[in-house]
file input.csv (CSV, C-alpha atoms and all ligand atoms)
chain,number,residue,atom,x,y,z
A,20,MET,CA,26.1,-15.3,4.1
A,21,SER,CA,26.6,-11.8,2.7
A,22,ILE,CA,25.7,-10.9,-0.9
A,23,THR,CA,27.5,-8.3,-3.0
A,24,VAL,CA,26.1,-7.2,-6.3
A,25,SER,CA,28.7,-5.2,-8.2
A,26,ASN,CA,27.9,-3.1,-11.3
A,27,VAL,CA,25.4,-5.6,-12.7
A,28,SER,CA,23.7,-4.8,-16.0
A,29,LYS,CA,21.3,-6.9,-18.0
A,30,SER,CA,19.5,-6.3,-21.3
A,31,PHE,CA,16.8,-8.2,-23.1
A,32,GLY,CA,17.3,-7.4,-26.7
A,33,ASP,CA,17.6,-3.6,-26.7
A,34,PHE,CA,15.7,-3.1,-23.5
A,35,HIS,CA,18.0,-2.3,-20.5
A,36,ALA,CA,16.4,-4.1,-17.6
A,37,LEU,CA,19.2,-3.5,-15.1
A,38,LYS,CA,21.7,-0.6,-15.4
A,39,GLY,CA,24.8,-0.8,-13.2
A,40,ILE,CA,23.4,-2.1,-10.0
A,41,ASP,CA,25.6,-2.0,-6.8
A,42,LEU,CA,24.2,-3.6,-3.7
A,43,GLU,CA,25.5,-5.0,-0.4
A,44,VAL,CA,23.3,-7.4,1.6
A,45,PRO,CA,25.0,-8.0,4.9
A,46,SER,CA,24.8,-11.5,6.4
A,47,GLY,CA,21.6,-12.2,8.3
A,48,GLU,CA,19.7,-9.1,7.0
A,49,LEU,CA,16.2,-9.1,5.5
A,50,VAL,CA,16.3,-6.7,2.5
A,51,ALA,CA,13.3,-5.7,0.4
A,52,LEU,CA,13.7,-4.8,-3.3
A,53,LEU,CA,10.8,-2.4,-3.8
A,54,GLY,CA,9.6,-0.7,-7.0
A,55,PRO,CA,6.9,-0.5,-9.6
A,56,SER,CA,6.1,-3.3,-12.1
A,57,GLY,CA,8.9,-3.8,-14.6
A,58,CYS,CA,11.6,-1.9,-12.7
A,59,GLY,CA,13.9,-5.0,-12.7
A,60,LYS,CA,13.4,-6.5,-9.2
A,61,THR,CA,12.7,-10.0,-10.4
A,62,THR,CA,15.6,-9.9,-12.9
A,63,LEU,CA,18.0,-8.8,-10.1
A,64,LEU,CA,16.7,-11.6,-7.8
A,65,ARG,CA,17.1,-14.2,-10.6
A,66,ILE,CA,20.7,-13.0,-11.2
A,67,ILE,CA,21.4,-13.4,-7.5
A,68,ALA,CA,19.9,-16.9,-7.6
A,69,GLY,CA,21.9,-17.9,-10.7
A,70,LEU,CA,18.8,-18.4,-12.8
A,71,GLU,CA,19.9,-15.6,-15.1
A,72,THR,CA,23.4,-14.4,-16.0
A,73,PRO,CA,24.3,-10.7,-16.0
A,74,ASP,CA,25.7,-9.1,-19.2
A,75,THR,CA,28.3,-7.3,-17.0
A,76,GLY,CA,29.2,-7.1,-13.4
A,77,ASN,CA,29.6,-9.6,-10.6
A,78,ILE,CA,27.8,-11.5,-7.8
A,79,LEU,CA,29.9,-12.3,-4.7
A,80,PHE,CA,28.8,-14.5,-1.8
A,81,ASN,CA,30.8,-13.9,1.4
A,82,GLY,CA,33.2,-11.9,-0.8
A,83,GLU,CA,33.8,-14.9,-3.1
A,84,GLU,CA,33.2,-14.6,-6.8
A,85,ALA,CA,30.0,-16.5,-7.6
A,86,THR,CA,28.8,-14.9,-10.9
A,87,ASN,CA,29.2,-18.2,-12.9
A,88,ARG,CA,28.5,-20.6,-10.1
A,89,HIS,CA,25.6,-22.9,-11.0
A,90,VAL,CA,22.3,-22.3,-9.2
A,91,ARG,CA,22.5,-25.7,-7.5
A,92,ASP,CA,25.9,-24.8,-5.9
A,93,ARG,CA,24.7,-21.4,-4.6
A,94,GLN,CA,22.9,-22.7,-1.5
A,95,VAL,CA,19.9,-20.5,-2.2
A,96,GLY,CA,16.3,-21.3,-1.3
A,97,PHE,CA,13.4,-19.8,-3.3
A,98,VAL,CA,9.8,-18.9,-2.7
A,99,PHE,CA,7.7,-17.5,-5.5
A,100,GLN,CA,4.3,-15.9,-5.8
A,101,HIS,CA,2.7,-18.9,-7.3
A,102,TYR,CA,3.3,-21.7,-4.9
A,103,ALA,CA,5.0,-24.5,-6.8
A,104,LEU,CA,4.2,-27.3,-4.3
A,105,PHE,CA,4.0,-30.8,-5.7
A,106,ARG,CA,0.3,-31.5,-5.9
A,107,HIS,CA,0.6,-35.3,-5.6
A,108,MET,CA,2.7,-35.1,-2.5
A,109,THR,CA,1.7,-34.5,1.1
A,110,VAL,CA,2.9,-31.5,3.1
A,111,PHE,CA,5.4,-33.7,4.8
A,112,ASP,CA,6.8,-35.0,1.5
A,113,ASN,CA,6.9,-31.6,-0.1
A,114,ILE,CA,9.0,-30.3,2.8
A,115,ALA,CA,11.2,-33.3,2.8
A,116,PHE,CA,11.7,-33.3,-1.0
A,117,GLY,CA,15.0,-31.4,-1.1
A,118,LEU,CA,16.6,-33.7,1.4
A,119,THR,CA,15.3,-37.0,-0.1
A,120,VAL,CA,16.6,-36.2,-3.6
A,121,ARG,CA,20.2,-35.6,-2.3
A,122,PRO,CA,22.8,-38.1,-3.5
A,123,LYS,CA,23.2,-41.0,-1.0
A,124,LYS,CA,26.5,-39.7,0.4
A,125,THR,CA,25.0,-36.4,1.7
A,126,ARG,CA,21.4,-37.6,2.2
A,127,PRO,CA,20.3,-37.5,5.9
A,128,SER,CA,18.8,-40.7,7.4
A,129,LYS,CA,15.1,-41.2,7.3
A,130,LYS,CA,14.9,-40.5,11.0
A,131,GLU,CA,16.9,-37.2,10.6
A,132,ILE,CA,14.6,-36.2,7.7
A,133,ARG,CA,11.5,-36.9,9.8
A,134,GLU,CA,12.9,-34.8,12.7
A,135,LYS,CA,13.9,-32.0,10.4
A,136,VAL,CA,10.5,-31.9,8.7
A,137,HIS,CA,8.7,-31.9,12.1
A,138,THR,CA,10.9,-29.0,13.4
A,139,LEU,CA,9.9,-27.0,10.2
A,140,LEU,CA,6.2,-27.9,10.5
A,141,LYS,CA,6.3,-26.5,14.0
A,142,LEU,CA,8.2,-23.4,12.9
A,143,ILE,CA,5.5,-22.7,10.2
A,144,GLN,CA,2.7,-23.6,12.6
A,145,VAL,CA,1.0,-26.4,10.5
A,146,GLU,CA,2.1,-29.4,12.6
A,147,GLN,CA,-1.3,-31.1,12.4
A,148,MET,CA,-1.4,-30.8,8.6
A,149,ALA,CA,1.6,-33.0,7.7
A,150,ASP,CA,-0.5,-35.6,5.9
A,151,ARG,CA,-2.7,-33.2,3.9
A,152,TYR,CA,-2.2,-32.5,0.2
A,153,PRO,CA,-1.7,-28.9,-1.1
A,154,ALA,CA,-5.2,-28.7,-2.4
A,155,GLN,CA,-6.4,-29.2,1.2
A,156,LEU,CA,-4.6,-26.1,2.4
A,157,SER,CA,-5.4,-22.4,2.3
A,158,GLY,CA,-3.3,-20.1,0.2
A,159,GLY,CA,-1.5,-18.7,3.2
A,160,GLN,CA,-0.8,-22.2,4.5
A,161,ARG,CA,0.6,-23.3,1.1
A,162,GLN,CA,3.0,-20.3,1.1
A,163,ARG,CA,4.2,-21.3,4.6
A,164,VAL,CA,4.8,-24.8,3.4
A,165,ALA,CA,6.7,-23.4,0.3
A,166,LEU,CA,8.9,-21.5,2.7
A,167,ALA,CA,9.5,-24.6,4.9
A,168,ARG,CA,10.4,-26.5,1.8
A,169,ALA,CA,12.9,-23.8,0.9
A,170,LEU,CA,14.4,-23.8,4.4
A,171,ALA,CA,14.6,-27.6,4.7
A,172,VAL,CA,17.9,-27.7,2.7
A,173,GLU,CA,19.4,-25.1,5.1
A,174,PRO,CA,20.1,-22.4,2.4
A,175,GLN,CA,22.6,-19.7,3.1
A,176,VAL,CA,20.4,-17.2,1.2
A,177,LEU,CA,16.6,-17.1,1.0
A,178,LEU,CA,15.1,-15.4,-2.1
A,179,LEU,CA,11.4,-14.5,-2.0
A,180,ASP,CA,9.6,-13.1,-5.1
A,181,GLU,CA,6.3,-11.5,-4.1
A,182,PRO,CA,5.7,-14.5,-1.9
A,183,PHE,CA,2.3,-13.2,-0.6
A,184,GLY,CA,1.3,-11.5,-3.9
A,185,ALA,CA,-1.5,-13.9,-4.7
A,186,LEU,CA,-3.1,-13.8,-1.2
A,187,ASP,CA,-5.9,-11.6,0.0
A,188,ALA,CA,-5.1,-8.5,2.1
A,189,LYS,CA,-5.7,-9.9,5.5
A,190,VAL,CA,-3.7,-13.1,5.0
A,191,ARG,CA,-1.0,-11.0,3.4
A,192,LEU,CA,-0.8,-8.8,6.5
A,193,GLU,CA,-0.7,-11.9,8.8
A,194,LEU,CA,2.0,-13.6,6.8
A,195,ARG,CA,4.3,-10.6,6.5
A,196,ARG,CA,4.3,-10.2,10.3
A,197,TRP,CA,4.9,-13.9,10.6
A,198,LEU,CA,7.8,-13.8,8.1
A,199,ARG,CA,9.4,-10.9,10.2
A,200,ARG,CA,9.1,-13.0,13.4
A,201,LEU,CA,10.5,-16.1,11.6
A,202,HIS,CA,13.4,-14.1,10.3
A,203,ASP,CA,14.2,-12.8,13.8
A,204,GLU,CA,14.4,-16.5,14.8
A,205,ILE,CA,16.5,-17.9,12.0
A,206,HIS,CA,18.4,-14.9,10.7
A,207,VAL,CA,19.0,-16.3,7.2
A,208,THR,CA,20.1,-13.6,4.7
A,209,SER,CA,17.0,-12.9,2.8
A,210,VAL,CA,16.1,-10.8,-0.3
A,211,PHE,CA,12.4,-10.1,-0.7
A,212,VAL,CA,10.8,-8.7,-3.9
A,213,THR,CA,7.7,-6.6,-3.5
A,214,HIS,CA,5.9,-3.7,-5.1
A,215,ASP,CA,3.9,-3.0,-1.9
A,216,GLN,CA,5.5,-0.2,0.0
A,217,GLU,CA,3.7,-1.0,3.3
A,218,GLU,CA,4.9,-4.6,3.1
A,219,ALA,CA,8.5,-3.4,2.6
A,220,LEU,CA,8.3,-0.8,5.4
A,221,GLU,CA,6.9,-3.3,7.8
A,222,VAL,CA,9.0,-6.3,7.1
A,223,ALA,CA,12.5,-5.3,5.9
A,224,ASP,CA,15.7,-4.3,7.8
A,225,ARG,CA,16.6,-2.4,4.7
A,226,ILE,CA,14.8,-1.2,1.6
A,227,VAL,CA,16.2,-0.9,-1.9
A,228,VAL,CA,14.0,1.3,-4.0
A,229,MET,CA,14.3,0.6,-7.7
A,230,ASN,CA,13.1,2.5,-10.7
A,231,GLN,CA,13.7,1.7,-14.4
A,232,GLY,CA,16.6,-0.7,-13.8
A,233,LYS,CA,18.4,1.5,-11.3
A,234,ILE,CA,18.6,1.9,-7.5
A,235,GLU,CA,17.0,5.2,-6.5
A,236,GLN,CA,17.8,4.9,-2.8
A,237,GLN,CA,18.6,2.3,-0.2
A,238,GLY,CA,18.4,2.6,3.6
A,239,THR,CA,16.4,1.6,6.6
A,240,PRO,CA,12.6,1.9,6.4
A,241,SER,CA,12.7,5.2,8.3
A,242,GLU,CA,15.6,6.6,6.2
A,243,VAL,CA,13.7,6.0,2.9
A,244,TYR,CA,10.4,7.1,4.3
A,245,ASP,CA,11.5,10.2,6.3
A,246,ARG,CA,14.3,11.3,4.1
A,247,PRO,CA,13.5,10.3,0.5
A,248,ALA,CA,16.5,11.1,-1.7
A,249,THR,CA,14.4,11.7,-4.9
A,250,PRO,CA,10.9,12.7,-5.9
A,251,PHE,CA,10.4,9.2,-7.1
A,252,VAL,CA,11.0,7.7,-3.7
A,253,PHE,CA,8.8,10.3,-2.0
A,254,ASP,CA,6.0,9.5,-4.4
A,255,PHE,CA,6.4,5.8,-4.3
A,256,LEU,CA,6.4,5.5,-0.5
A,257,GLY,CA,3.2,7.2,0.3
A,258,ASN,CA,0.5,9.7,-0.6
A,259,VAL,CA,2.0,13.0,-1.5
A,260,ASN,CA,1.1,16.5,-2.6
A,261,LEU,CA,3.1,18.6,-5.0
A,262,PHE,CA,3.6,22.4,-4.8
A,263,GLN,CA,5.2,23.7,-7.9
A,264,GLY,CA,7.3,26.9,-7.8
A,265,ARG,CA,10.7,28.5,-8.0
A,266,VAL,CA,13.7,29.0,-5.7
A,267,HIS,CA,15.6,32.3,-5.7
A,268,GLU,CA,18.3,33.6,-3.4
A,269,GLY,CA,17.5,31.5,-0.4
A,270,THR,CA,13.7,31.3,-0.7
A,271,ALA,CA,11.6,28.7,-2.4
A,272,LYS,CA,8.1,30.0,-3.3
A,273,MET,CA,5.7,27.2,-4.3
A,274,GLY,CA,2.0,27.8,-4.7
A,275,GLY,CA,1.6,29.7,-1.5
A,276,LEU,CA,4.2,27.8,0.3
A,277,VAL,CA,7.4,29.7,1.3
A,278,VAL,CA,10.4,27.7,2.5
A,279,GLU,CA,13.8,29.2,3.4
A,280,THR,CA,16.6,27.4,1.6
A,281,PRO,CA,20.4,27.6,1.7
A,282,GLU,CA,21.7,30.5,-0.3
A,283,HIS,CA,23.4,28.4,-2.8
A,284,ALA,CA,20.3,26.2,-3.6
A,285,GLY,CA,19.0,27.2,-7.1
A,286,THR,CA,20.1,30.8,-7.1
A,287,ARG,CA,19.3,31.1,-10.8
A,288,ASN,CA,15.5,31.3,-10.1
A,289,ALA,CA,15.4,27.5,-10.7
A,290,PRO,CA,12.2,25.4,-10.6
A,291,ALA,CA,11.4,23.9,-7.2
A,292,VAL,CA,8.8,21.4,-6.1
A,293,GLY,CA,7.6,21.1,-2.5
A,294,TYR,CA,6.6,17.6,-1.5
A,295,VAL,CA,4.2,17.2,1.5
A,296,ARG,CA,2.7,13.9,2.7
A,297,SER,CA,-1.0,14.0,3.0
A,298,HIS,CA,-0.9,13.2,6.7
A,299,ASP,CA,1.5,16.1,7.3
A,300,ILE,CA,-1.0,18.8,6.7
A,301,GLU,CA,-3.3,20.4,9.3
A,302,ILE,CA,-6.6,22.1,8.7
A,303,GLU,CA,-8.4,24.8,10.7
A,304,ARG,CA,-11.2,27.3,10.1
A,305,ILE,CA,-9.2,30.2,11.2
A,306,PRO,CA,-5.8,31.1,9.7
A,307,PHE,CA,-2.6,29.7,11.3
A,308,ASP,CA,0.0,32.1,12.5
A,309,THR,CA,2.4,31.0,9.8
A,310,ALA,CA,2.2,29.5,6.4
A,311,SER,CA,-1.6,29.4,6.1
A,312,LEU,CA,-3.0,28.3,2.8
A,313,ALA,CA,-6.5,29.4,2.1
A,314,ALA,CA,-8.4,26.5,0.5
A,315,GLN,CA,-11.9,25.3,-0.3
A,316,VAL,CA,-13.2,21.8,0.7
A,317,HIS,CA,-13.8,19.9,-2.4
A,318,GLY,CA,-14.5,16.4,-1.0
A,319,VAL,CA,-14.6,14.5,2.3
A,320,VAL,CA,-14.4,10.7,2.4
A,321,THR,CA,-13.8,8.2,5.2
A,322,VAL,CA,-11.2,5.6,4.4
A,323,GLY,CA,-11.0,3.1,7.4
A,324,PRO,CA,-9.3,4.9,10.3
A,325,LEU,CA,-8.7,8.1,8.2
A,326,VAL,CA,-10.8,10.8,6.7
A,327,ARG,CA,-9.4,12.0,3.3
A,328,VAL,CA,-10.2,15.7,2.5
A,329,ASP,CA,-9.7,17.1,-1.0
A,330,LEU,CA,-8.8,20.8,-1.0
A,331,LYS,CA,-8.8,23.2,-3.9
A,332,LEU,CA,-6.1,25.9,-3.6
A,333,PRO,CA,-5.7,29.0,-5.7
A,334,GLY,CA,-2.5,28.5,-7.7
A,335,ASN,CA,-2.5,24.7,-7.4
A,336,VAL,CA,-4.5,23.3,-10.2
A,337,GLU,CA,-4.3,19.7,-9.0
A,338,GLY,CA,-5.6,20.4,-5.5
A,339,ILE,CA,-4.2,18.6,-2.5
A,340,GLU,CA,-5.3,15.6,-0.4
A,341,VAL,CA,-5.2,15.7,3.4
A,342,ASP,CA,-5.5,12.7,5.6
A,343,LEU,CA,-7.0,13.5,9.0
A,344,SER,CA,-7.5,11.2,11.9
A,345,ARG,CA,-11.1,10.4,12.7
A,346,ASP,CA,-11.1,12.5,16.0
A,347,VAL,CA,-9.8,15.6,14.2
A,348,ALA,CA,-12.2,15.1,11.3
A,349,ASP,CA,-15.1,14.7,13.8
A,350,ARG,CA,-14.1,17.9,15.6
A,351,LEU,CA,-13.9,19.9,12.4
A,352,ASP,CA,-17.0,18.3,10.8
A,353,LEU,CA,-16.0,19.8,7.4
A,354,LYS,CA,-18.6,20.4,4.7
A,355,VAL,CA,-18.0,20.5,1.0
A,356,GLY,CA,-17.7,24.0,-0.3
A,357,GLU,CA,-16.6,25.7,2.9
A,358,LEU,CA,-13.4,27.8,3.2
A,359,VAL,CA,-10.6,26.6,5.5
A,360,TYR,CA,-6.9,27.1,6.1
A,361,ALA,CA,-4.3,24.4,5.6
A,362,ARG,CA,-0.7,24.3,7.0
A,363,PRO,CA,1.9,21.7,6.0
A,364,ARG,CA,3.9,20.4,9.0
A,365,LYS,CA,6.8,19.1,6.9
A,366,VAL,CA,7.9,20.1,3.4
A,367,ARG,CA,10.7,18.6,1.4
A,368,VAL,CA,11.9,20.8,-1.5
A,369,PHE,CA,13.5,19.3,-4.6
A,370,THR,CA,15.3,21.6,-7.0
A,371,ASP,CA,17.3,20.5,-10.1
A,372,ASP,CA,20.4,20.1,-8.0
A,373,TYR,CA,19.4,20.2,-4.4
A,374,VAL,CA,17.2,18.6,-1.8
A,375,ILE,CA,16.1,20.5,1.3
B,401,LIG,N1,13.2,-13.0,-20.4
B,401,LIG,C1,12.9,-11.8,-20.7
B,401,LIG,N2,12.8,-11.4,-22.0
B,401,LIG,C2,12.5,-10.1,-22.4
B,401,LIG,N3,12.2,-9.1,-21.5
B,401,LIG,C3,12.3,-9.5,-20.2
B,401,LIG,C4,12.6,-10.8,-19.7
B,401,LIG,N4,12.5,-10.8,-18.4
B,401,LIG,C5,12.2,-9.5,-18.0
B,401,LIG,N5,12.0,-8.7,-19.1
B,401,LIG,C6,11.7,-7.3,-19.1
B,401,LIG,O1,12.5,-6.7,-18.2
B,401,LIG,C7,11.9,-5.7,-17.4
B,401,LIG,C8,12.1,-6.0,-15.9
B,401,LIG,O2,11.4,-7.2,-15.6
B,401,LIG,P1,11.3,-7.7,-14.1
B,401,LIG,O3,10.5,-9.0,-14.1
B,401,LIG,O4,12.7,-7.8,-13.5
B,401,LIG,O5,10.5,-6.6,-13.4
B,401,LIG,P2,9.8,-6.5,-11.9
B,401,LIG,O6,10.3,-5.2,-11.3
B,401,LIG,O7,10.1,-7.8,-11.2
B,401,LIG,O8,8.3,-6.4,-12.3
B,401,LIG,P3,7.0,-7.1,-11.7
B,401,LIG,O9,6.8,-6.5,-10.3
B,401,LIG,O10,5.9,-6.8,-12.7
B,401,LIG,O11,7.3,-8.6,-11.6
B,401,LIG,C9,10.4,-5.8,-17.8
B,401,LIG,O12,10.1,-4.7,-18.7
B,401,LIG,C10,10.3,-7.1,-18.5
B,401,LIG,O13,9.3,-7.1,-19.5
call {"tool": "encode", "arguments": {"input": "input.csv", "output": "structure tokens", "more": "lines below"}}
Ligand SMILES: Nc1ncnc2c1ncn2[C@@H]1O[C@H](COP(=O)(O)OP(=O)(O)OP(=O)(O)O)[C@@H](O)[C@H]1O
result
Amino acid sequence: MSITVSNVSKSFGDFHALKGIDLEVPSGELVALLGPSGCGKTTLLRIIAGLETPDTGNILFNGEEATNRHVRDRQVGFVFQHYALFRHMTVFDNIAFGLTVRPKKTRPSKKEIREKVHTLLKLIQVEQMADRYPAQLSGGQRQRVALARALAVEPQVLLLDEPFGALDAKVRLELRRWLRRLHDEIHVTSVFVTHDQEEALEVADRIVVMNQGKIEQQGTPSEVYDRPATPFVFDFLGNVNLFQGRVHEGTAKMGGLVVETPEHAGTRNAPAVGYVRSHDIEIERIPFDTASLAAQVHGVVTVGPLVRVDLKLPGNVEGIEVDLSRDVADRLDLKVGELVYARPRKVRVFTDDYVI
């Protein structure tokens, strides 16, 4: 089932939590709502679910008006960060719950319910745990059971609010891969809230980046990562260095960086900022042919598979961070205090009215 969010706004008192949101979720897609704490992701999810009503705007399911449809008639399944499994029920009964409480007319037979629950137990890979109680499961297993419970009633839409937020990093990583594979099998239209950019980039078909109640950009993971539309998106999706400067008659000059720009970009000597990801910078001991920035090594620290180098540059008070692979760092064997040259491989320039 497709979801259309059309011009949705929501305020709490005089705080504008959502400001004119327009969003299309095509049937069968897995979409991530990504943004910092308080940007309105959960409020938007709750409005799609029918747990909250928008002040203005509409929600459509498969093109049909559903803004005032009751939550129980929306055919949505939920999974939240804090697993709300029934403590006094076994895994089996938790998953079966939504089916057993149906009115007699639409309730499947006991045999059908048993078969359905076993299919789901297999899908979430906890077949041998049907008789356990939630307290006897790990956090990751509980979240998988919560997902199976949501899926048991065959929802048309699955809404997940930071479903792995309370789990440790390793389990989180396993579960998000598992969720991706599960979605590839069942293709239920899903909206997934997260503030973790890696999670969104790895799991989602499409990412909707939100900031202060608005959508900054939406697109495939590679679109938003490789072609961020705004400085906010650039910054939010990874480690970034800023080079402040000005653009004038076709050239942006930013703290030693020089980038050719279209003639019409900021011809009034407008401020310009160059954004460079920390893994898009090379370091050598001799100057590069082009765009060499002289710098001093200020710090070197190993972070898992990477070595993070802090450089001080004349004209860039904040300094810059460079992520090198371990091989390159081993070859260079940089020492704090020595002089080197840096060269950005990719620069994206934002001016007041232009992105290059
Ligand atoms: N019922 C409410 N009453 C008053 N303010 C609310 C209410 N619900 C949300 N807000 C406010 O609206 C803003 C958006 O909240 P929301 O929960 O949608 O953000 P979020 O992006 O999901 O953040 P987080 O990642 O921290 O959950 C926040 O500033 C929050 O304090």
call {"tool": "residues_near_ligand", "arguments": {"input": "input.csv", "ligand": "ligand LIG 401 (chain B)", "cutoff": "6 Å", "atoms": "only C-alpha atoms and all ligand atoms", "output": "ChimeraX atom specification"}}
result
/A:31,36,56-62,214
call {"tool": "residues_around", "arguments": {"input": "input.csv", "residues": "A:Pro45", "least_positions_apart": "2", "cutoff": "8 Å", "atoms": "all atoms listed in the file", "output": "number ranges by chain"}}
result
A: 20-22, 43, 47-48, 208
call {"tool": "closest_residue", "arguments": {"input": "input.csv", "among": "A:Met229, A:Val336, A:Ala310, A:Leu325", "to": "A:Leu261", "atoms": "only C-alpha atoms"}}
result
A:Val336
call {"tool": "closest_residue", "arguments": {"input": "input.csv", "among": "A:Asp245, A:Asp33, A:Asp92, A:Glu217", "to": "A:Val176", "atoms": "all atoms listed in the file"}}
result
A:Asp92
call {"tool": "atom_distance", "arguments": {"input": "input.csv", "atom1": "atom CA of A:Val320", "atom2": "atom CA of A:Lys189"}}
result
22.6 Å
call {"tool": "residues_around", "arguments": {"input": "input.csv", "residues": "stretch 105-107 of chain A", "least_positions_apart": "5", "cutoff": "12 Å", "atoms": "all atoms listed in the file", "output": "PyMOL selection string"}}
result
chain A and resi 112-117+150-156+161+164-165+168
call {"tool": "residues_around", "arguments": {"input": "input.csv", "residues": "A:Ser30", "least_positions_apart": "3", "cutoff": "12 Å", "atoms": "all atoms listed in the file", "output": "ChimeraX atom specification"}}
result
/A:27,33-39,59,62-63,71-75,232
call {"tool": "write_last_selection", "arguments": {"input": "input.csv", "atoms": "C-alpha atoms", "output": "PDB file, in the coordinates of the input"}}
result
ATOM      1  CA  VAL A  27      25.400  -5.600 -12.700  1.00  0.00           C
ATOM      2  CA  ASP A  33      17.600  -3.600 -26.700  1.00  0.00           C
ATOM      3  CA  PHE A  34      15.700  -3.100 -23.500  1.00  0.00           C
ATOM      4  CA  HIS A  35      18.000  -2.300 -20.500  1.00  0.00           C
ATOM      5  CA  ALA A  36      16.400  -4.100 -17.600  1.00  0.00           C
ATOM      6  CA  LEU A  37      19.200  -3.500 -15.100  1.00  0.00           C
ATOM      7  CA  LYS A  38      21.700  -0.600 -15.400  1.00  0.00           C
ATOM      8  CA  GLY A  39      24.800  -0.800 -13.200  1.00  0.00           C
ATOM      9  CA  GLY A  59      13.900  -5.000 -12.700  1.00  0.00           C
ATOM     10  CA  THR A  62      15.600  -9.900 -12.900  1.00  0.00           C
ATOM     11  CA  LEU A  63      18.000  -8.800 -10.100  1.00  0.00           C
ATOM     12  CA  GLU A  71      19.900 -15.600 -15.100  1.00  0.00           C
ATOM     13  CA  THR A  72      23.400 -14.400 -16.000  1.00  0.00           C
ATOM     14  CA  PRO A  73      24.300 -10.700 -16.000  1.00  0.00           C
ATOM     15  CA  ASP A  74      25.700  -9.100 -19.200  1.00  0.00           C
ATOM     16  CA  THR A  75      28.300  -7.300 -17.000  1.00  0.00           C
ATOM     17  CA  GLY A 232      16.600  -0.700 -13.800  1.00  0.00           C
TER      18      GLY A 232
END
call {"tool": "closest_residue", "arguments": {"input": "input.csv", "among": "A:Arg362, A:Lys129, A:Arg225, A:Lys135", "to": "A:Glu303", "atoms": "only C-alpha atoms"}}
result
A:Arg362
call {"tool": "closest_residue", "arguments": {"input": "input.csv", "among": "A:Asn77, A:Asn26, A:Thr138, A:Gln175", "to": "A:Arg93", "atoms": "all atoms listed in the file"}}
result
A:Gln175
call {"tool": "residues_around", "arguments": {"input": "input.csv", "residues": "A:Glu357", "least_positions_apart": "3", "cutoff": "6 Å", "atoms": "all atoms listed in the file", "output": "list in words"}}
result
Gln315, Val316 and Lys354 of chain A
call {"tool": "closest_residue", "arguments": {"input": "input.csv", "among": "A:Phe251, A:Ile305, A:Glu84, A:Ala291", "to": "A:Thr270", "atoms": "only C-alpha atoms"}}
result
A:Ala291
call {"tool": "build_atoms", "arguments": {"input": "input.csv", "residues": "stretch 148-160 of chain A", "atoms": "N, CA and C atoms", "output": "PDB file, keeping the file's coordinate frame"}}
result
ATOM      1  N   MET A 148      -0.974 -30.695   9.977  1.00  0.00           N
ATOM      2  CA  MET A 148      -1.400 -30.800   8.600  1.00  0.00           C
ATOM      3  C   MET A 148      -0.380 -31.603   7.730  1.00  0.00           C
ATOM      4  N   ALA A 149       0.524 -32.327   8.376  1.00  0.00           N
ATOM      5  CA  ALA A 149       1.600 -33.000   7.700  1.00  0.00           C
ATOM      6  C   ALA A 149       1.096 -33.961   6.580  1.00  0.00           C
ATOM      7  N   ASP A 150      -0.072 -34.572   6.817  1.00  0.00           N
ATOM      8  CA  ASP A 150      -0.500 -35.600   5.900  1.00  0.00           C
ATOM      9  C   ASP A 150      -1.502 -35.023   4.808  1.00  0.00           C
ATOM     10  N   ARG A 151      -1.748 -33.734   4.864  1.00  0.00           N
ATOM     11  CA  ARG A 151      -2.700 -33.200   3.900  1.00  0.00           C
ATOM     12  C   ARG A 151      -1.934 -32.945   2.528  1.00  0.00           C
ATOM     13  N   TYR A 152      -2.739 -32.820   1.477  1.00  0.00           N
ATOM     14  CA  TYR A 152      -2.200 -32.500   0.200  1.00  0.00           C
ATOM     15  C   TYR A 152      -2.373 -30.965  -0.051  1.00  0.00           C
ATOM     16  N   PRO A 153      -1.564 -30.344  -0.921  1.00  0.00           N
ATOM     17  CA  PRO A 153      -1.700 -28.900  -1.100  1.00  0.00           C
ATOM     18  C   PRO A 153      -3.082 -28.395  -1.360  1.00  0.00           C
ATOM     19  N   ALA A 154      -3.881 -29.165  -2.100  1.00  0.00           N
ATOM     20  CA  ALA A 154      -5.200 -28.700  -2.400  1.00  0.00           C
ATOM     21  C   ALA A 154      -6.100 -28.585  -1.160  1.00  0.00           C
ATOM     22  N   GLN A 155      -5.659 -29.240  -0.068  1.00  0.00           N
ATOM     23  CA  GLN A 155      -6.400 -29.200   1.200  1.00  0.00           C
ATOM     24  C   GLN A 155      -5.962 -28.082   2.115  1.00  0.00           C
ATOM     25  N   LEU A 156      -5.114 -27.185   1.607  1.00  0.00           N
ATOM     26  CA  LEU A 156      -4.600 -26.100   2.400  1.00  0.00           C
ATOM     27  C   LEU A 156      -5.108 -24.743   1.896  1.00  0.00           C
ATOM     28  N   SER A 157      -5.107 -23.731   2.780  1.00  0.00           N
ATOM     29  CA  SER A 157      -5.400 -22.400   2.300  1.00  0.00           C
ATOM     30  C   SER A 157      -4.209 -21.809   1.604  1.00  0.00           C
ATOM     31  N   GLY A 158      -4.394 -20.710   0.868  1.00  0.00           N
ATOM     32  CA  GLY A 158      -3.300 -20.100   0.200  1.00  0.00           C
ATOM     33  C   GLY A 158      -2.141 -19.706   1.091  1.00  0.00           C
ATOM     34  N   GLY A 159      -2.498 -19.149   2.256  1.00  0.00           N
ATOM     35  CA  GLY A 159      -1.500 -18.700   3.200  1.00  0.00           C
ATOM     36  C   GLY A 159      -0.710 -19.934   3.771  1.00  0.00           C
ATOM     37  N   GLN A 160      -1.437 -21.035   4.034  1.00  0.00           N
ATOM     38  CA  GLN A 160      -0.800 -22.200   4.500  1.00  0.00           C
ATOM     39  C   GLN A 160       0.178 -22.799   3.465  1.00  0.00           C
TER      40      GLN A 160
END
